[in-house]
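target.tsv, holding TSV, C-alpha atoms:
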```tsv
chain	number	residue	atom	x	y	z
A	1	MET	CA	0.00	0.00	0.00
A	2	LEU	CA	1.39	3.36	-1.01
A	3	THR	CA	1.36	6.35	1.32
A	4	GLY	CA	0.23	9.81	0.21
A	5	LYS	CA	3.82	11.03	0.02
A	6	GLN	CA	4.81	8.09	-2.16
A	7	LYS	CA	1.83	8.64	-4.47
A	8	ARG	CA	2.75	12.32	-4.86
A	9	TYR	CA	6.31	11.34	-5.75
A	10	LEU	CA	5.14	8.75	-8.30
A	11	ARG	CA	2.69	11.24	-9.83
A	12	SER	CA	5.54	13.71	-10.33
A	13	LEU	CA	7.60	11.01	-12.07
A	14	ALA	CA	4.67	9.95	-14.25
A	15	HIS	CA	3.82	13.49	-15.37
A	16	HIS	CA	6.13	13.34	-18.38
A	17	LEU	CA	5.28	9.77	-19.39
A	18	ASP	CA	3.09	8.97	-22.37
A	19	PRO	CA	0.39	6.28	-22.13
A	20	ILE	CA	1.73	2.93	-23.31
A	21	PHE	CA	-1.55	1.03	-23.65
A	22	GLN	CA	-5.04	2.08	-24.72
A	23	ILE	CA	-8.20	0.35	-23.59
A	24	GLY	CA	-11.05	0.55	-26.08
A	25	LYS	CA	-14.39	-1.15	-26.62
A	26	GLY	CA	-12.80	-4.57	-26.10
A	27	GLY	CA	-12.18	-3.69	-22.45
A	28	VAL	CA	-9.72	-5.56	-20.25
A	29	ASN	CA	-8.73	-9.06	-21.37
A	30	ASP	CA	-6.03	-11.61	-20.53
A	31	HIS	CA	-3.88	-10.59	-23.49
A	32	LEU	CA	-3.80	-6.96	-22.31
A	33	ILE	CA	-3.03	-7.98	-18.72
A	34	ARG	CA	-0.08	-10.11	-19.84
A	35	HIS	CA	1.39	-7.22	-21.84
A	36	ILE	CA	0.89	-4.81	-18.94
A	37	GLU	CA	2.65	-7.22	-16.56
A	38	GLU	CA	5.63	-7.47	-18.91
A	39	ALA	CA	5.86	-3.71	-19.47
A	40	ILE	CA	5.47	-2.75	-15.82
A	41	GLU	CA	8.24	-5.18	-14.82
A	42	VAL	CA	10.62	-3.22	-17.04
A	43	ARG	CA	9.32	0.30	-16.34
A	44	GLU	CA	7.82	0.08	-12.81
A	45	LEU	CA	5.61	3.11	-13.55
A	46	MET	CA	3.27	3.44	-16.50
A	47	LYS	CA	0.24	5.21	-17.88
A	48	VAL	CA	-2.75	3.52	-19.49
A	49	SER	CA	-5.28	5.49	-21.52
A	50	VAL	CA	-9.00	4.68	-21.61
A	51	LEU	CA	-10.57	5.56	-24.95
A	52	ASN	CA	-13.98	7.20	-25.35
A	53	ASN	CA	-15.49	4.10	-26.97
A	54	CYS	CA	-14.82	2.00	-23.85
A	55	LEU	CA	-18.13	1.15	-22.19
A	56	GLU	CA	-16.73	0.29	-18.75
A	57	ASP	CA	-16.14	2.81	-15.95
A	58	ARG	CA	-12.52	3.97	-15.74
A	59	GLU	CA	-12.40	3.47	-11.95
A	60	ASP	CA	-13.52	-0.14	-12.38
A	61	ILE	CA	-10.92	-0.64	-15.11
A	62	ALA	CA	-8.18	0.78	-12.85
A	63	VAL	CA	-9.07	-1.59	-10.00
A	64	GLN	CA	-9.30	-4.53	-12.39
A	65	LEU	CA	-5.92	-3.77	-14.00
A	66	ALA	CA	-4.22	-3.34	-10.62
A	67	SER	CA	-5.64	-6.52	-9.10
A	68	GLN	CA	-4.95	-8.73	-12.12
A	69	SER	CA	-1.45	-7.39	-12.83
A	70	GLY	CA	-0.35	-7.23	-9.17
A	71	SER	CA	0.29	-3.49	-9.35
A	72	GLU	CA	-1.12	-0.50	-7.48
A	73	VAL	CA	-3.18	2.40	-8.79
A	74	VAL	CA	-1.33	5.64	-8.19
A	75	GLN	CA	-3.94	7.89	-9.75
A	76	THR	CA	-6.83	8.00	-12.18
A	77	ILE	CA	-7.22	11.40	-13.75
A	78	GLY	CA	-9.49	12.01	-16.70
A	79	LYS	CA	-9.10	9.05	-19.03
A	80	THR	CA	-5.59	8.18	-17.77
A	81	ILE	CA	-4.66	5.52	-15.22
A	82	ILE	CA	-1.21	5.51	-13.57
A	83	LEU	CA	0.03	2.13	-12.31
A	84	TYR	CA	3.08	1.27	-10.20
A	85	LYS	CA	4.72	-2.03	-9.34
A	86	PRO	CA	8.27	-2.38	-8.04
A	87	SER	CA	10.43	-4.42	-10.39
A	88	LYS	CA	12.08	-7.61	-9.17
A	89	ASN	CA	15.11	-7.46	-11.48
A	90	ASN	CA	15.23	-3.90	-12.81
A	91	LYS	CA	14.71	-1.65	-9.75
A	92	GLN	CA	14.89	2.02	-10.80
A	93	ILE	CA	12.52	3.97	-8.56
A	94	VAL	CA	13.35	4.54	-4.90
A	95	LEU	CA	10.26	5.57	-2.94
A	96	PRO	CA	10.55	8.21	-0.20
```
Same coordinates, now as structure tokens:
Amino acid sequence: MLTGKQKRYLRSLAHHLDPIFQIGKGGVNDHLIRHIEEAIEVRELMKVSVLNNCLEDREDIAVQLASQSGSEVVQTIGKTIILYKPSKNNKQIVLP
């Protein structure tokens, strides 16, 4: 569980990142989860964009992505979800 200070720090790091994945009308599926798990292991911090044609609620999508990929939701703002998971082999981010 991330503290408020840690979330603020991660939000500041994620500000300049571009979304890596987009979730559209297909929603969340196993294929997407597998790719997110692989990408977040390398990057630790990533943005996911929810497109306008997605029928699911973005808050529900954020919780579903975090629980299935083993990561934590840092923030959902607008149509963007920020996820964080510490890497096992490629540790780059040191939390305060």
Residue with smallest distance to Tyr84 of chain A - pool A:Met46, A:Met1, A:Ile33, A:Ile20, counting all atoms listed in the file: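 Result for the nearest residue to Tyr84 of chain A: A:Met46.
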Point (14.5, -5.9, -14.4) neighbourhood (8 Å, all atoms listed in the file) written as an NGL selection string: :A and (41-42 or 87-91)
Kindly save the residues from that selection, with C-alpha atoms included, as a compact mmCIF listing (two decimals), keeping the file's coordinate frame.
```txt
# COMPACT_ATOMS: atom_id res chain seq x y z
CA GLU A 41 8.24 -5.18 -14.82
CA VAL A 42 10.62 -3.22 -17.04
CA SER A 87 10.43 -4.42 -10.39
CA LYS A 88 12.08 -7.61 -9.17
CA ASN A 89 15.11 -7.46 -11.48
CA ASN A 90 15.23 -3.90 -12.81
CA LYS A 91 14.71 -1.65 -9.75
```
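The closest residue to Gly24 of chain A, picked from A:Glu38, A:Val48, A:Leu2, A:Arg43 and counting all atoms listed in the file, is A:Val48.
Using only C-alpha atoms, the contacts of segment 76-79 of chain A at a cut-off of 6 Å, with sequence neighbours closer than 2 positions omitted, comprise A:Ser49, A:Val50, A:Ile81.
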Gap from atom CA of Gly70 of chain A to atom CA of Ile40 of chain A - Å, one decimal: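 These two atoms are separated by 9.9 Å.
Nearest to Leu13 of chain A of all the residues A:Ile61, A:Pro86, A:Leu45, A:Ala66 is A:Leu45, based on all atoms listed in the file.
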Shell around Asp30 of chain A at 9 Å using only C-alpha atoms, local window under 4 positions removed, as a ChimeraX atom specification: /A:34-35,68
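Every protein or nucleic acid residue with an atom no more than 9 Å from Val74 of chain A, counting only C-alpha atoms and leaving out same-chain residues fewer than 3 positions away, appears here: Leu2, Gln6, Lys7, Arg8, Leu10, Arg11, Ile81, Ile82, Leu83 and Tyr84 of chain A.
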Pick from A:Ala14, A:Ile93, A:Leu55, A:Leu65, whichever lies nearest to His31 of chain A using only C-alpha atoms: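 With only C-alpha atoms as the atom set, the closest residue is A:Leu65.
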Please provide as an mmCIF file with C-alpha atoms, in the frame of the given file all residues within 12 Å of Asn53 of chain A, with the sequence filter that same-chain residues fewer than 5 positions apart are discarded (counting all atoms listed in the file).
```cif
data_model
loop_
_atom_site.group_PDB
_atom_site.id
_atom_site.type_symbol
_atom_site.label_atom_id
_atom_site.label_comp_id
_atom_site.auth_asym_id
_atom_site.auth_seq_id
_atom_site.Cartn_x
_atom_site.Cartn_y
_atom_site.Cartn_z
ATOM 1 C CA GLN A 22 -5.040 2.080 -24.720
ATOM 2 C CA ILE A 23 -8.200 0.350 -23.590
ATOM 3 C CA GLY A 24 -11.050 0.550 -26.080
ATOM 4 C CA LYS A 25 -14.390 -1.150 -26.620
ATOM 5 C CA GLY A 26 -12.800 -4.570 -26.100
ATOM 6 C CA GLY A 27 -12.180 -3.690 -22.450
ATOM 7 C CA ARG A 58 -12.520 3.970 -15.740
ATOM 8 C CA LYS A 79 -9.100 9.050 -19.030
#
```
Starting from the sparse input, extend segment 64-94 of chain A to N, CA and C atoms and give the output as an mmCIF file, keeping the file's coordinate frame.
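Final output, selection_10.cif:
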```cif
data_model
loop_
_atom_site.group_PDB
_atom_site.id
_atom_site.type_symbol
_atom_site.label_atom_id
_atom_site.label_comp_id
_atom_site.auth_asym_id
_atom_site.auth_seq_id
_atom_site.Cartn_x
_atom_site.Cartn_y
_atom_site.Cartn_z
ATOM 1 N N GLN A 64 -9.465 -3.238 -11.732
ATOM 2 C CA GLN A 64 -9.300 -4.530 -12.390
ATOM 3 C C GLN A 64 -7.872 -4.712 -12.898
ATOM 4 N N LEU A 65 -7.303 -3.685 -13.511
ATOM 5 C CA LEU A 65 -5.920 -3.770 -14.000
ATOM 6 C C LEU A 65 -4.952 -3.992 -12.841
ATOM 7 N N ALA A 66 -5.135 -3.238 -11.763
ATOM 8 C CA ALA A 66 -4.220 -3.340 -10.620
ATOM 9 C C ALA A 66 -4.302 -4.724 -9.975
ATOM 10 N N SER A 67 -5.503 -5.224 -9.774
ATOM 11 C CA SER A 67 -5.640 -6.520 -9.100
ATOM 12 C C SER A 67 -5.112 -7.666 -9.960
ATOM 13 N N GLN A 68 -5.364 -7.634 -11.271
ATOM 14 C CA GLN A 68 -4.950 -8.730 -12.120
ATOM 15 C C GLN A 68 -3.465 -8.695 -12.471
ATOM 16 N N SER A 69 -2.869 -7.486 -12.484
ATOM 17 C CA SER A 69 -1.450 -7.390 -12.830
ATOM 18 C C SER A 69 -0.554 -7.350 -11.593
ATOM 19 N N GLY A 70 -1.142 -7.270 -10.404
ATOM 20 C CA GLY A 70 -0.350 -7.230 -9.170
ATOM 21 C C GLY A 70 0.263 -5.879 -8.903
ATOM 22 N N SER A 71 -0.245 -4.843 -9.541
ATOM 23 C CA SER A 71 0.290 -3.490 -9.350
ATOM 24 C C SER A 71 -0.642 -2.670 -8.463
ATOM 25 N N GLU A 72 -0.294 -1.400 -8.265
ATOM 26 C CA GLU A 72 -1.120 -0.500 -7.480
ATOM 27 C C GLU A 72 -1.507 0.702 -8.320
ATOM 28 N N VAL A 73 -2.726 1.196 -8.103
ATOM 29 C CA VAL A 73 -3.180 2.400 -8.790
ATOM 30 C C VAL A 73 -2.626 3.607 -8.054
ATOM 31 N N VAL A 74 -1.856 4.415 -8.761
ATOM 32 C CA VAL A 74 -1.330 5.640 -8.190
ATOM 33 C C VAL A 74 -2.367 6.743 -8.312
ATOM 34 N N GLN A 75 -2.966 6.837 -9.513
ATOM 35 C CA GLN A 75 -3.940 7.890 -9.750
ATOM 36 C C GLN A 75 -4.766 7.561 -10.989
ATOM 37 N N THR A 76 -6.025 7.976 -10.967
ATOM 38 C CA THR A 76 -6.830 8.000 -12.180
ATOM 39 C C THR A 76 -7.258 9.440 -12.368
ATOM 40 N N ILE A 77 -6.874 10.009 -13.478
ATOM 41 C CA ILE A 77 -7.220 11.400 -13.750
ATOM 42 C C ILE A 77 -7.694 11.486 -15.198
ATOM 43 N N GLY A 78 -8.906 11.973 -15.374
ATOM 44 C CA GLY A 78 -9.490 12.010 -16.700
ATOM 45 C C GLY A 78 -9.625 10.612 -17.248
ATOM 46 N N LYS A 79 -9.056 10.369 -18.399
ATOM 47 C CA LYS A 79 -9.100 9.050 -19.030
ATOM 48 C C LYS A 79 -7.766 8.317 -18.886
ATOM 49 N N THR A 80 -6.923 8.754 -17.948
ATOM 50 C CA THR A 80 -5.590 8.180 -17.770
ATOM 51 C C THR A 80 -5.481 7.489 -16.418
ATOM 52 N N ILE A 81 -4.899 6.295 -16.439
ATOM 53 C CA ILE A 81 -4.660 5.520 -15.220
ATOM 54 C C ILE A 81 -3.146 5.377 -15.061
ATOM 55 N N ILE A 82 -2.640 5.659 -13.858
ATOM 56 C CA ILE A 82 -1.210 5.510 -13.570
ATOM 57 C C ILE A 82 -1.055 4.299 -12.645
ATOM 58 N N LEU A 83 -0.220 3.349 -13.072
ATOM 59 C CA LEU A 83 0.030 2.130 -12.310
ATOM 60 C C LEU A 83 1.492 2.056 -11.881
ATOM 61 N N TYR A 84 1.721 1.454 -10.702
ATOM 62 C CA TYR A 84 3.080 1.270 -10.200
ATOM 63 C C TYR A 84 3.216 -0.133 -9.624
ATOM 64 N N LYS A 85 4.351 -0.749 -9.940
ATOM 65 C CA LYS A 85 4.720 -2.030 -9.340
ATOM 66 C C LYS A 85 6.234 -2.097 -9.281
ATOM 67 N N PRO A 86 6.813 -2.292 -8.108
ATOM 68 C CA PRO A 86 8.270 -2.380 -8.040
ATOM 69 C C PRO A 86 8.789 -3.587 -8.809
ATOM 70 N N SER A 87 9.847 -3.370 -9.562
ATOM 71 C CA SER A 87 10.430 -4.420 -10.390
ATOM 72 C C SER A 87 11.262 -5.372 -9.523
ATOM 73 N N LYS A 88 11.273 -6.627 -9.900
ATOM 74 C CA LYS A 88 12.080 -7.610 -9.170
ATOM 75 C C LYS A 88 13.535 -7.563 -9.618
ATOM 76 N N ASN A 89 13.757 -7.385 -10.924
ATOM 77 C CA ASN A 89 15.110 -7.460 -11.480
ATOM 78 C C ASN A 89 15.662 -6.119 -11.939
ATOM 79 N N ASN A 90 14.815 -5.147 -12.193
ATOM 80 C CA ASN A 90 15.230 -3.900 -12.810
ATOM 81 C C ASN A 90 14.784 -2.699 -11.958
ATOM 82 N N LYS A 91 15.153 -2.684 -10.687
ATOM 83 C CA LYS A 91 14.710 -1.650 -9.750
ATOM 84 C C LYS A 91 15.312 -0.303 -10.122
ATOM 85 N N GLN A 92 14.437 0.684 -10.411
ATOM 86 C CA GLN A 92 14.890 2.020 -10.800
ATOM 87 C C GLN A 92 14.375 3.105 -9.870
ATOM 88 N N ILE A 93 13.160 2.937 -9.369
ATOM 89 C CA ILE A 93 12.520 3.970 -8.560
ATOM 90 C C ILE A 93 12.712 3.663 -7.078
ATOM 91 N N VAL A 94 13.202 4.651 -6.346
ATOM 92 C CA VAL A 94 13.350 4.540 -4.900
ATOM 93 C C VAL A 94 12.289 5.429 -4.270
#
```
